[in-house]
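**Student:** This is protein.txt (compact mmCIF, C-alpha atoms).
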```txt
# COMPACT_ATOMS: atom_id res chain seq x y z
CA MET A 1 -41.57 19.05 -13.34
CA TYR A 2 -38.06 20.46 -13.19
CA LEU A 3 -35.67 20.65 -10.28
CA LEU A 4 -33.19 23.52 -10.56
CA VAL A 5 -30.11 23.25 -8.39
CA GLY A 6 -28.03 26.39 -8.02
CA THR A 7 -24.44 25.69 -7.06
CA ALA A 8 -21.12 27.44 -6.62
CA LYS A 9 -20.20 26.41 -10.17
CA GLY A 10 -23.34 26.51 -12.25
CA LEU A 11 -26.98 25.48 -12.51
CA PHE A 12 -27.86 21.79 -12.60
CA ARG A 13 -31.23 20.70 -13.96
CA TYR A 14 -33.29 17.57 -13.43
CA ARG A 15 -36.61 16.58 -14.97
CA SER A 16 -39.26 14.12 -13.86
CA SER A 17 -42.78 13.24 -14.91
CA ASP A 18 -43.57 11.11 -11.87
CA ARG A 19 -41.43 12.59 -9.04
CA THR A 20 -39.67 9.24 -8.80
CA ALA A 21 -37.25 9.00 -11.71
CA TRP A 22 -35.16 12.12 -12.32
CA GLU A 23 -33.33 12.73 -15.57
CA ALA A 24 -30.17 14.84 -15.33
CA LEU A 25 -30.11 17.46 -18.07
CA GLY A 26 -26.59 18.58 -17.32
CA PRO A 27 -25.07 21.78 -15.96
CA VAL A 28 -25.47 25.17 -17.57
CA LEU A 29 -23.97 28.55 -16.76
CA GLY A 30 -20.93 26.51 -15.73
CA GLY A 31 -18.38 28.10 -13.47
CA ASP A 32 -20.55 30.89 -12.10
CA PRO A 33 -22.16 30.91 -8.64
CA ILE A 34 -25.93 30.55 -9.04
CA TYR A 35 -27.46 31.73 -5.79
CA THR A 36 -31.05 31.13 -6.82
CA SER A 37 -33.35 30.60 -9.76
CA ALA A 38 -37.05 30.95 -10.47
CA TYR A 39 -39.59 29.92 -13.03
CA ASP A 40 -41.75 32.76 -14.29
CA ALA A 41 -44.87 30.86 -15.31
CA THR A 42 -46.55 34.01 -16.65
CA ARG A 43 -43.85 34.54 -19.23
CA GLY A 44 -42.64 30.95 -19.59
CA THR A 45 -39.17 32.05 -18.57
CA LEU A 46 -36.52 30.49 -16.41
CA MET A 47 -34.52 33.06 -14.45
CA ALA A 48 -31.16 32.58 -12.76
CA ALA A 49 -29.23 34.76 -10.34
CA VAL A 50 -25.75 34.60 -11.84
CA ASN A 51 -23.17 36.13 -9.52
CA SER A 52 -20.04 36.14 -11.63
CA GLU A 53 -16.80 36.85 -9.83
CA PHE A 54 -15.62 38.61 -12.98
CA TYR A 55 -18.65 40.31 -14.46
CA GLY A 56 -20.81 40.92 -11.41
CA PRO A 57 -24.43 40.02 -10.74
CA SER A 58 -27.10 39.53 -13.36
CA ILE A 59 -30.50 37.93 -13.69
CA ARG A 60 -30.37 35.92 -16.87
CA ARG A 61 -33.30 34.37 -18.66
CA SER A 62 -33.97 31.27 -20.69
CA LYS A 63 -36.98 30.37 -22.78
CA ASP A 64 -35.92 26.76 -23.35
CA TRP A 65 -35.41 25.41 -19.81
CA GLY A 66 -31.83 26.51 -19.66
CA GLU A 67 -30.42 25.39 -22.99
CA THR A 68 -29.73 29.00 -24.00
CA TRP A 69 -29.59 32.19 -21.93
CA ASP A 70 -29.70 35.90 -22.56
CA THR A 71 -27.29 38.28 -20.84
CA GLY A 72 -29.87 39.79 -18.48
CA GLY A 73 -31.43 43.20 -18.22
CA SER A 74 -30.09 46.54 -17.04
CA GLY A 75 -30.44 48.69 -13.95
CA LEU A 76 -29.49 46.17 -11.30
CA ALA A 77 -27.24 48.65 -9.48
CA TYR A 78 -27.45 51.34 -6.85
CA ASP A 79 -26.80 54.94 -7.82
CA ALA A 80 -23.22 55.94 -8.50
CA ASP A 81 -23.05 58.04 -5.33
CA ASP A 82 -24.65 55.39 -3.10
CA ALA A 83 -22.57 54.21 -0.17
CA GLU A 84 -23.51 50.61 -1.01
CA ARG A 85 -22.97 48.48 -4.11
CA VAL A 86 -24.98 45.67 -5.61
CA THR A 87 -22.61 42.73 -5.55
CA ARG A 88 -24.91 39.68 -5.71
CA VAL A 89 -28.48 38.65 -6.43
CA TRP A 90 -29.96 36.43 -3.73
CA SER A 91 -33.65 36.10 -4.52
CA ILE A 92 -36.04 36.33 -7.46
CA ARG A 93 -39.83 36.36 -7.11
CA PRO A 94 -41.86 36.61 -10.31
CA THR A 95 -45.52 37.63 -10.22
CA ALA A 96 -47.99 38.22 -13.02
CA ASP A 97 -47.26 41.95 -13.30
CA VAL A 98 -43.96 42.54 -11.53
CA ILE A 99 -40.78 40.62 -10.78
CA TYR A 100 -38.93 41.28 -7.54
CA ALA A 101 -35.25 40.65 -6.89
CA GLY A 102 -33.35 40.80 -3.61
CA VAL A 103 -29.70 41.75 -3.65
CA GLU A 104 -26.54 42.20 -1.61
CA ALA A 105 -25.96 44.77 -0.13
CA SER A 106 -29.50 44.27 1.13
CA GLY A 107 -32.03 45.94 -1.09
CA LEU A 108 -35.00 45.20 -3.29
CA PHE A 109 -35.40 45.72 -7.02
CA ARG A 110 -38.38 45.23 -9.29
CA SER A 111 -39.04 44.94 -12.99
CA PHE A 112 -42.28 45.67 -14.82
CA ASP A 113 -41.05 44.42 -18.19
CA GLY A 114 -40.12 40.84 -17.48
CA GLY A 115 -36.56 41.59 -16.40
CA ASP A 116 -35.42 43.87 -19.24
CA THR A 117 -35.00 46.78 -16.85
CA TRP A 118 -34.78 46.92 -13.07
CA GLU A 119 -35.41 49.72 -10.58
CA GLU A 120 -34.80 49.85 -6.86
CA VAL A 121 -37.75 49.81 -4.46
CA ARG A 122 -36.20 52.74 -2.67
CA ALA A 123 -38.56 53.02 0.28
CA LEU A 124 -37.10 49.89 1.86
CA ARG A 125 -33.54 51.15 2.27
CA GLN A 126 -34.92 54.57 3.16
CA HIS A 127 -36.57 53.13 6.27
CA PRO A 128 -35.03 54.68 9.42
CA THR A 129 -34.04 51.25 10.71
CA HIS A 130 -31.80 50.63 7.69
CA GLU A 131 -28.84 51.89 9.67
CA GLN A 132 -29.28 48.90 12.00
CA TRP A 133 -28.71 46.40 9.20
CA GLY A 134 -25.41 44.60 9.14
CA PRO A 135 -23.83 41.66 7.35
CA GLY A 136 -24.31 38.08 8.47
CA TYR A 137 -21.66 35.45 7.90
CA GLY A 138 -22.96 34.97 4.35
CA GLY A 139 -23.11 38.67 3.55
CA LYS A 140 -25.53 41.57 3.93
CA CYS A 141 -28.24 40.15 1.78
CA LEU A 142 -31.94 40.37 1.05
CA HIS A 143 -32.55 36.68 0.58
CA THR A 144 -36.30 36.24 0.94
CA ILE A 145 -39.24 37.77 -0.89
CA ALA A 146 -42.67 36.34 -0.11
CA LEU A 147 -46.09 37.23 -1.44
CA ASP A 148 -49.34 36.99 0.47
CA PRO A 149 -52.18 35.45 -1.56
CA HIS A 150 -54.67 36.79 0.98
CA HIS A 151 -53.48 40.37 0.50
CA PRO A 152 -52.33 41.06 -3.06
CA ASP A 153 -50.65 44.36 -2.15
CA TRP A 154 -48.61 42.88 0.66
CA VAL A 155 -45.01 41.73 0.25
CA TYR A 156 -42.70 40.36 2.91
CA ILE A 157 -38.92 40.44 2.76
CA ALA A 158 -36.19 39.17 5.04
CA CYS A 159 -32.56 40.13 5.13
CA SER A 160 -29.53 39.16 7.14
CA ALA A 161 -28.85 40.75 9.44
CA GLY A 162 -31.67 43.22 9.10
CA GLY A 163 -34.80 41.28 9.99
CA ALA A 164 -38.19 40.89 8.38
CA TYR A 165 -40.21 43.70 6.82
CA ARG A 166 -43.70 44.00 5.37
CA THR A 167 -45.28 46.38 2.91
CA LYS A 168 -49.03 46.71 2.51
CA ASP A 169 -48.82 48.99 -0.52
CA ARG A 170 -46.60 47.12 -2.96
CA GLY A 171 -43.40 48.66 -1.70
CA GLU A 172 -44.32 52.30 -1.18
CA SER A 173 -43.82 51.98 2.57
CA TRP A 174 -42.38 49.32 4.85
CA GLU A 175 -42.58 48.32 8.48
CA PRO A 176 -40.27 46.01 10.43
CA ILE A 177 -42.08 42.94 11.78
CA ASN A 178 -39.60 41.55 14.26
CA ALA A 179 -41.45 41.91 17.56
CA GLY A 180 -40.53 38.95 19.73
CA ILE A 181 -37.75 37.62 17.49
CA ARG A 182 -34.50 37.22 19.37
CA ALA A 183 -31.14 38.56 18.25
CA ASP A 184 -28.93 36.38 20.42
CA PHE A 185 -25.77 37.84 18.93
CA MET A 186 -26.54 41.15 20.70
CA PRO A 187 -25.85 42.10 24.35
CA GLU A 188 -28.40 40.64 26.77
CA ASP A 189 -30.30 43.87 27.23
CA GLN A 190 -30.56 44.50 23.47
CA GLN A 191 -31.71 41.13 22.15
CA TYR A 192 -35.16 42.24 20.98
CA PRO A 193 -34.55 45.27 18.77
CA GLU A 194 -37.03 46.70 16.29
CA ALA A 195 -34.77 45.55 13.44
CA GLY A 196 -31.37 44.00 12.86
CA GLN A 197 -32.29 40.38 13.54
CA CYS A 198 -30.64 37.71 11.44
CA VAL A 199 -33.77 36.16 9.98
CA HIS A 200 -32.63 33.26 7.83
CA LYS A 201 -35.86 32.45 5.98
CA LEU A 202 -39.59 33.00 6.20
CA TRP A 203 -42.44 31.26 4.44
CA VAL A 204 -45.99 32.61 4.07
CA SER A 205 -48.85 30.11 4.08
CA PRO A 206 -51.23 30.31 1.13
CA SER A 207 -53.90 28.31 2.97
CA GLN A 208 -54.25 30.21 6.25
CA ALA A 209 -54.31 34.00 6.31
CA GLY A 210 -51.68 35.50 8.58
CA ARG A 211 -49.64 32.35 9.11
CA ILE A 212 -45.90 32.69 8.57
CA TRP A 213 -43.13 30.25 9.46
CA LEU A 214 -39.70 31.68 10.21
CA GLN A 215 -36.27 30.21 10.80
CA ASN A 216 -34.13 32.67 12.68
CA HIS A 217 -30.44 32.66 13.49
CA GLY A 218 -31.41 30.83 16.67
CA GLY A 219 -35.09 30.11 17.06
CA VAL A 220 -37.97 28.81 14.98
CA TYR A 221 -41.01 31.08 15.00
CA ARG A 222 -44.62 31.10 13.86
CA SER A 223 -46.85 34.11 13.32
CA ASP A 224 -50.63 33.92 13.01
CA ASP A 225 -51.17 37.62 12.38
CA GLY A 226 -49.07 38.41 9.35
CA GLY A 227 -45.93 39.11 11.34
CA ASP A 228 -47.33 41.50 13.93
CA SER A 229 -46.30 39.02 16.61
CA TRP A 230 -44.29 35.81 16.77
CA ASN A 231 -44.35 32.66 18.88
CA GLU A 232 -41.18 30.64 19.35
CA VAL A 233 -42.03 27.05 18.46
CA GLY A 234 -38.70 25.24 18.20
CA LYS A 235 -37.86 24.51 21.82
CA SER A 236 -38.16 20.74 21.40
CA LEU A 237 -35.78 20.56 18.44
CA PRO A 238 -32.23 19.20 18.80
CA SER A 239 -31.07 22.63 17.63
CA ASP A 240 -33.06 25.76 16.99
CA PHE A 241 -30.42 26.95 14.52
CA GLY A 242 -30.92 26.36 10.83
CA PHE A 243 -31.18 28.22 7.58
CA SER A 244 -34.21 26.86 5.79
CA ILE A 245 -37.91 26.45 6.49
CA VAL A 246 -40.83 25.56 4.27
CA GLY A 247 -44.50 25.04 5.01
CA ASP A 248 -47.01 22.70 3.49
CA PRO A 249 -49.23 24.77 1.19
CA HIS A 250 -52.18 22.41 1.79
CA HIS A 251 -51.85 21.99 5.56
CA PRO A 252 -51.11 25.23 7.41
CA ASP A 253 -50.17 23.48 10.66
CA ARG A 254 -47.43 21.52 8.92
CA ALA A 255 -43.90 22.77 8.29
CA TYR A 256 -40.44 21.39 7.62
CA ILE A 257 -37.01 22.47 8.78
CA ILE A 258 -33.49 21.07 8.79
CA PRO A 259 -31.84 21.86 12.13
CA LEU A 260 -28.10 22.45 12.18
CA GLU A 261 -25.68 22.93 15.00
CA GLY A 262 -24.94 26.59 15.54
CA TRP A 263 -21.34 25.74 14.79
CA PRO A 264 -19.99 24.07 12.66
CA ARG A 265 -23.37 24.17 10.99
CA TRP A 266 -23.91 20.54 10.26
CA ALA A 267 -26.68 18.26 11.45
CA PRO A 268 -26.91 17.66 15.21
CA ASP A 269 -25.08 14.45 16.12
CA ASN A 270 -24.30 14.24 12.39
CA VAL A 271 -27.75 12.80 11.68
CA LEU A 272 -29.04 14.68 8.68
CA ALA A 273 -32.81 14.89 9.06
CA VAL A 274 -35.78 16.91 7.98
CA HIS A 275 -37.98 17.70 10.97
CA ARG A 276 -41.73 18.01 10.45
CA THR A 277 -44.41 19.47 12.64
CA ASP A 278 -48.07 18.63 12.11
CA ASP A 279 -49.36 20.65 15.05
CA SER A 280 -48.20 24.21 14.41
CA GLY A 281 -44.82 23.68 15.99
CA LYS A 282 -45.65 21.99 19.29
CA ASN A 283 -43.92 18.78 18.28
CA TRP A 284 -41.32 18.02 15.63
CA GLU A 285 -40.62 14.61 14.16
CA PRO A 286 -37.22 13.85 12.62
CA MET A 287 -37.40 12.09 9.27
CA HIS A 288 -34.27 10.58 7.78
CA LYS A 289 -35.23 7.23 6.28
CA GLY A 290 -33.04 6.93 3.19
CA LEU A 291 -30.65 9.73 4.12
CA PRO A 292 -26.96 8.95 4.75
CA SER A 293 -25.46 8.94 8.24
CA PRO A 294 -23.21 10.16 9.63
CA THR A 295 -22.90 13.32 7.58
CA TYR A 296 -20.78 16.43 7.93
CA THR A 297 -22.82 18.70 5.76
CA GLY A 298 -25.31 21.53 5.99
CA VAL A 299 -28.28 22.88 4.08
CA LEU A 300 -28.40 26.57 3.19
CA ARG A 301 -31.41 28.87 3.33
CA ASP A 302 -32.63 28.41 -0.23
CA ALA A 303 -31.73 24.75 -0.54
CA LEU A 304 -34.93 23.31 0.97
CA THR A 305 -38.14 23.56 -1.00
CA ALA A 306 -41.39 21.80 -1.84
CA ASP A 307 -43.64 21.35 -4.82
CA SER A 308 -47.38 22.02 -4.90
CA ARG A 309 -48.63 18.44 -4.87
CA ASP A 310 -50.47 16.58 -2.14
CA PRO A 311 -48.81 14.53 -0.71
CA LEU A 312 -46.11 17.09 -0.74
CA GLY A 313 -42.84 16.59 -2.58
CA ILE A 314 -39.88 17.93 -0.62
CA TYR A 315 -36.39 18.57 -1.96
CA PHE A 316 -33.13 19.73 -0.47
CA GLY A 317 -29.48 20.10 -1.41
CA THR A 318 -26.43 20.01 0.82
CA THR A 319 -23.27 22.03 1.07
CA SER A 320 -21.39 18.91 0.04
CA GLY A 321 -23.31 18.63 -3.21
CA SER A 322 -26.05 16.04 -2.75
CA VAL A 323 -29.72 16.49 -3.63
CA TYR A 324 -32.45 14.46 -1.93
CA HIS A 325 -36.17 14.27 -2.50
CA SER A 326 -39.22 12.81 -0.87
CA ALA A 327 -42.50 12.27 -2.69
CA ASP A 328 -44.40 11.28 0.46
CA GLY A 329 -44.16 14.29 2.70
CA GLY A 330 -40.76 13.38 4.08
CA SER A 331 -41.36 9.82 5.22
CA THR A 332 -38.79 8.37 2.82
CA TRP A 333 -35.90 9.96 0.95
CA ASN A 334 -33.99 9.20 -2.23
CA ALA A 335 -30.95 10.80 -3.84
CA VAL A 336 -31.42 12.81 -7.01
CA ALA A 337 -27.74 13.72 -7.36
CA ARG A 338 -24.44 13.46 -5.55
CA ASP A 339 -21.05 15.16 -5.77
CA LEU A 340 -22.23 18.43 -7.24
CA PRO A 341 -20.51 21.65 -6.21
CA ARG A 342 -21.66 23.37 -3.00
CA ILE A 343 -25.41 23.83 -3.31
CA TYR A 344 -26.95 27.26 -2.72
CA SER A 345 -30.51 26.69 -3.88
CA VAL A 346 -33.04 24.08 -4.91
CA VAL A 347 -36.07 25.30 -6.85
CA VAL A 348 -39.06 23.38 -8.18
CA ALA A 349 -40.45 24.55 -11.51
CA GLU A 350 -43.87 23.22 -12.42
CA GLU A 351 -45.26 24.01 -15.85
CA MET B 1 -8.62 53.64 -34.52
CA ILE B 2 -8.02 51.38 -31.53
CA THR B 3 -8.21 47.62 -31.18
CA VAL B 4 -10.11 45.99 -28.31
CA HIS B 5 -9.57 42.42 -27.13
CA LEU B 6 -12.43 41.03 -25.06
CA PRO B 7 -12.38 37.93 -22.85
CA ILE B 8 -13.39 34.97 -24.99
CA ASP B 9 -16.17 33.92 -22.64
CA LEU B 10 -17.61 37.43 -22.53
CA ALA B 11 -17.62 37.69 -26.29
CA GLY B 12 -19.30 34.30 -26.46
CA GLN B 13 -22.03 35.28 -24.02
CA PHE B 14 -22.80 38.38 -26.04
CA LYS B 15 -22.41 36.57 -29.38
CA MET B 16 -19.77 38.88 -30.83
CA GLU B 17 -16.20 38.79 -32.06
CA ALA B 18 -13.56 38.89 -29.31
CA VAL B 19 -11.41 41.39 -31.24
CA LEU B 20 -12.87 44.53 -32.71
CA ASN B 21 -11.91 48.05 -33.76
CA THR B 22 -13.45 51.34 -32.67
CA ASP B 23 -12.57 55.00 -32.86
CA ALA B 24 -13.26 55.63 -29.15
CA GLY B 25 -11.24 58.52 -27.74
CA ASP B 26 -11.19 57.27 -24.18
CA LEU B 27 -12.22 54.29 -22.08
CA ARG B 28 -15.62 55.80 -21.32
CA ASP B 29 -16.32 56.05 -25.04
CA LEU B 30 -15.10 52.51 -25.49
CA VAL B 31 -17.44 51.09 -22.84
CA ALA B 32 -20.33 53.13 -24.25
CA HIS B 33 -19.53 51.81 -27.71
CA LEU B 34 -19.59 48.22 -26.47
CA ASP B 35 -22.88 48.89 -24.67
CA ARG B 36 -24.43 50.26 -27.83
CA MET B 37 -23.30 47.16 -29.72
CA ARG B 38 -24.56 44.81 -27.00
CA PRO B 39 -26.94 46.53 -24.55
CA GLY B 40 -26.12 45.62 -20.98
CA MET B 41 -22.44 44.86 -21.56
CA ALA B 42 -21.30 48.02 -19.75
CA GLY B 43 -22.70 46.64 -16.50
CA TRP B 44 -20.63 43.50 -16.91
CA LEU B 45 -17.42 45.54 -17.17
CA VAL B 46 -17.93 48.65 -15.07
CA GLU B 47 -19.73 49.26 -11.77
CA ALA B 48 -22.14 52.11 -11.08
CA ASP B 49 -19.27 54.25 -9.81
CA GLY B 50 -17.64 54.20 -13.25
CA ARG B 51 -14.74 51.94 -12.27
CA PHE B 52 -13.86 48.63 -13.86
CA ARG B 53 -14.90 45.57 -11.91
CA GLN B 54 -12.44 44.25 -9.37
CA HIS B 55 -11.63 40.97 -11.06
CA LEU B 56 -10.96 42.36 -14.51
CA SER B 57 -7.47 43.29 -15.67
CA ILE B 58 -7.27 46.13 -18.16
CA PHE B 59 -4.20 46.75 -20.29
CA VAL B 60 -3.85 49.84 -22.49
CA SER B 61 -1.01 49.63 -25.01
CA GLY B 62 0.84 47.19 -22.79
CA ARG B 63 0.37 49.09 -19.51
CA ARG B 64 -1.76 47.48 -16.85
CA LEU B 65 -4.21 49.79 -15.11
CA GLU B 66 -4.60 49.60 -11.36
CA THR B 67 -7.38 47.37 -10.05
CA ARG B 68 -10.74 49.15 -10.17
CA SER B 69 -9.38 52.00 -12.23
CA PRO B 70 -11.90 54.53 -13.52
CA ALA B 71 -13.11 53.65 -17.00
CA SER B 72 -12.21 57.07 -18.30
CA GLY B 73 -8.57 57.26 -19.38
CA ARG B 74 -7.60 58.69 -22.79
CA LEU B 75 -6.91 56.33 -25.67
CA ASP B 76 -4.39 57.37 -28.32
CA ASP B 77 -4.98 56.50 -31.91
CA GLY B 78 -3.60 53.02 -32.56
CA ALA B 79 -3.95 51.89 -28.92
CA ASP B 80 -4.43 48.26 -28.06
CA VAL B 81 -6.89 47.58 -25.20
CA TRP B 82 -7.01 44.19 -23.55
CA ILE B 83 -9.83 43.34 -21.16
CA LEU B 84 -8.92 40.15 -19.33
CA ARG B 85 -10.32 38.06 -16.53
CA ALA B 86 -8.01 38.51 -13.55
CA VAL B 87 -6.09 35.60 -12.09
CA SER B 88 -8.54 34.88 -9.31
CA GLY B 89 -11.16 32.43 -8.23
CA GLY B 90 -11.01 28.81 -7.22
```
Could you take the file, read its structure, and then write that structure out as structure tokens?

**Tutor:**
Amino acid sequence: MYLLVGTAKGLFRYRSSDRTAWEALGPVLGGDPIYTSAYDATRGTLMAAVNSEFYGPSIRRSKDWGETWDTGGSGLAYDADDAERVTRVWSIRPTADVIYAGVEASGLFRSFDGGDTWEEVRALRQHPTHEQWGPGYGGKCLHTIALDPHHPDWVYIACSAGGAYRTKDRGESWEPINAGIRADFMPEDQQYPEAGQCVHKLWVSPSQAGRIWLQNHGGVYRSDDGGDSWNEVGKSLPSDFGFSIVGDPHHPDRAYIIPLEGWPRWAPDNVLAVHRTDDSGKNWEPMHKGLPSPTYTGVLRDALTADSRDPLGIYFGTTSGSVYHSADGGSTWNAVARDLPRIYSVVVAEE
Amino acid sequence: MITVHLPIDLAGQFKMEAVLNTDAGDLRDLVAHLDRMRPGMAGWLVEADGRFRQHLSIFVSGRRLETRSPASGRLDDGADVWILRAVSGG
């Protein structure tokens, strides 16, 4: 198993055979911001979103776990006369027959040839609600792409600040799925718009059809109908603000979040903790055994993840450059790395 | 014939010499030539609108082009073109 840590200054790799001892393989793509990475198991390819300040965004590929990289494919740009430009890649989601990529300014691309060439999924930005999308603090970005194993033609995306959308026909048409999600940065009488919410992350359960967990810019939500409606489930948390959320693929009622103060976006009372619910969001238990305290750090939207094992392995990276993991569902934590650059993403790659 | 100087790191990524000669008549030809040599390189240098990327500095025969200049200006025979990483970042 590999742990891929995308940072402001390169991609850091760790390898383990037992989820206890982690071997550091060293940084690659040094100096460039790596917003996310992905392992394409179908093609045996590691992919990295390299957002060079000099040479722009690219999705580069490695066939040897990051030792060597190509220079990426072509087509990752909007048309010359488009009012928007592609400035960064935020998300990569490989599937057996297509690879999706989410970019800034918010939009979706796909590749049918393993990343050699990319084309925009135009119907998304052509949706009438596109004009309601704006930039969040981190940019106007399509940061989440989720597949639905119960509906192979369905894809979910989330963008900040644009909200969540769903297609049931592999991208030919899209519908906003934000009913009941609050936009608390809007005037009081406009806080439940059709689109424009600052959804920070969503996670689709593979074990219960229709179940989606969502961390909003203010509010933790759960849907049991594929996003048609949402229930706010984070009222008992010390803060309902956060960036990341991940579910347990084996237990649909279980999910994990890392609450942060709305400002300055570090852990409430400076106690860095992963909060777990086992009852669909009614109750949340803070888990921080083994984590440092006090801390003055945050965890960004793609920096919390899990593996596929049971008990679940959970991993997260902080804005101050530490990586922690738990091999027992969050009960105890150990450091994988410290003093890395600012961490944007943590990705598990299982062969 | 013109001479092109590429950033060392860019040349390394694309596994090519950092200094090369071409007979491009303008900057558009030059970028197209580089992209033929190493497919995809054009996107690293120039955005979809045909202008050089913001954090690249382009010098043509000693004269620095304005930031985000169009990649289209004429190149005289014997011109020296330097493509440099701008002084930016942290």

**Student:** Give the residues of chain A that lie within 6 Å of chain B; count all atoms listed in the file, and format the answer as a list of chain:residue names.

**Tutor:**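 Close to chain B, chain A has A:Phe54, A:Tyr55, A:Ser74, A:Ala80.
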
**Student:** In Å, with one decimal, what is the gap from atom CA of Asp97 of chain A to atom CA of Trp213 of chain A?

**Tutor:** 25.9 Å

**Student:** Using all atoms listed in the file, which of B:Leu75, B:Met16, B:Leu65, B:Leu6 sits nearest Asp29 of chain B?

**Tutor:**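 That would be B:Leu75, the residue with the smallest distance to Asp29 of chain B.
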
**Student:** Of the candidates A:Gly298, A:Pro252, A:Gly234, A:Gly6, which shows the shortest atom-to-atom distance to Glu285 of chain A, using all atoms listed in the file?

**Tutor:**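 The shortest atom-to-atom distance to Glu285 of chain A comes from A:Gly234.
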
**Student:** Determine, counting only C-alpha atoms, every residue of protein, DNA or RNA that lies within 9 Å of (-24.0, 38.2, 3.3) in the file coordinates, then give the result as JSON, numbers by chain.

**Tutor:** {"A": [104, 105, 106, 134, 135, 136, 137, 138, 139, 140, 141, 142, 159, 160, 161]}

**Student:** Between A:Arg222, A:His275, A:Arg182, A:His127, which is the closest to Tyr165 of chain A once you count all atoms listed in the file?

**Tutor:**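 So, comparing all the options, the nearest one is A:His127.
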
**Student:** For atom CA of Tyr344 of chain A and atom CA of Asp302 of chain A, determine how far apart the two atoms are, in Å to one decimal place.

**Tutor:**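 Spanning atom CA of Tyr344 of chain A to atom CA of Asp302 of chain A is a straight-line distance of 6.3 Å.
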
**Student:** Determine the nearest neighbour of Ala11 of chain B from the options B:Met37, B:Arg74, B:Ala79, B:Glu66, counting all atoms listed in the file.

**Tutor:** B:Met37

**Student:** Work out how far apart atom CA of Asp248 of chain A and atom CA of Met47 of chain A are and give it in Å to one decimal.

**Tutor:**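 Distance between the two atoms: 24.2 Å.
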
**Student:** Please give the centre and size of the box around segment 22-34 of chain A (axis-aligned, containing every atom listed in the file, 4 Å added per side), with values in Å to one decimal and written as lines of an AutoDock Vina configuration file.

**Tutor:**
```
center_x = -26.8
center_y = 21.5
center_z = -13.4
size_x = 24.8
size_y = 26.8
size_z = 17.4
```

**Student:** I'd like the neighbourhood of Met1 of chain B as a list in words, where a residue qualifies if any of its atoms comes within 9 Å (using only C-alpha atoms), though same-chain residues fewer than 4 positions away should be ignored.

**Tutor:**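 Those residues are Asn21, Thr22, Asp23, Ala24, Gly25, Asp76, Asp77, Gly78 and Ala79 of chain B.
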
**Student:** Excluding segment 260-272 of chain A and residues on its chain fewer than 5 positions from it, collect all residues at most 9 Å away from it, counting all atoms listed in the file, and give them as a ChimeraX atom specification.

**Tutor:** /A:217-218,238-243,287-288,291-299

**Student:** Save out the residues we just selected, C-alpha atoms, as a CSV table (one decimal), in the coordinates of the input.

**Tutor:**
```
chain,number,residue,atom,x,y,z
A,217,HIS,CA,-30.4,32.7,13.5
A,218,GLY,CA,-31.4,30.8,16.7
A,238,PRO,CA,-32.2,19.2,18.8
A,239,SER,CA,-31.1,22.6,17.6
A,240,ASP,CA,-33.1,25.8,17.0
A,241,PHE,CA,-30.4,27.0,14.5
A,242,GLY,CA,-30.9,26.4,10.8
A,243,PHE,CA,-31.2,28.2,7.6
A,287,MET,CA,-37.4,12.1,9.3
A,288,HIS,CA,-34.3,10.6,7.8
A,291,LEU,CA,-30.6,9.7,4.1
A,292,PRO,CA,-27.0,9.0,4.8
A,293,SER,CA,-25.5,8.9,8.2
A,294,PRO,CA,-23.2,10.2,9.6
A,295,THR,CA,-22.9,13.3,7.6
A,296,TYR,CA,-20.8,16.4,7.9
A,297,THR,CA,-22.8,18.7,5.8
A,298,GLY,CA,-25.3,21.5,6.0
A,299,VAL,CA,-28.3,22.9,4.1
```
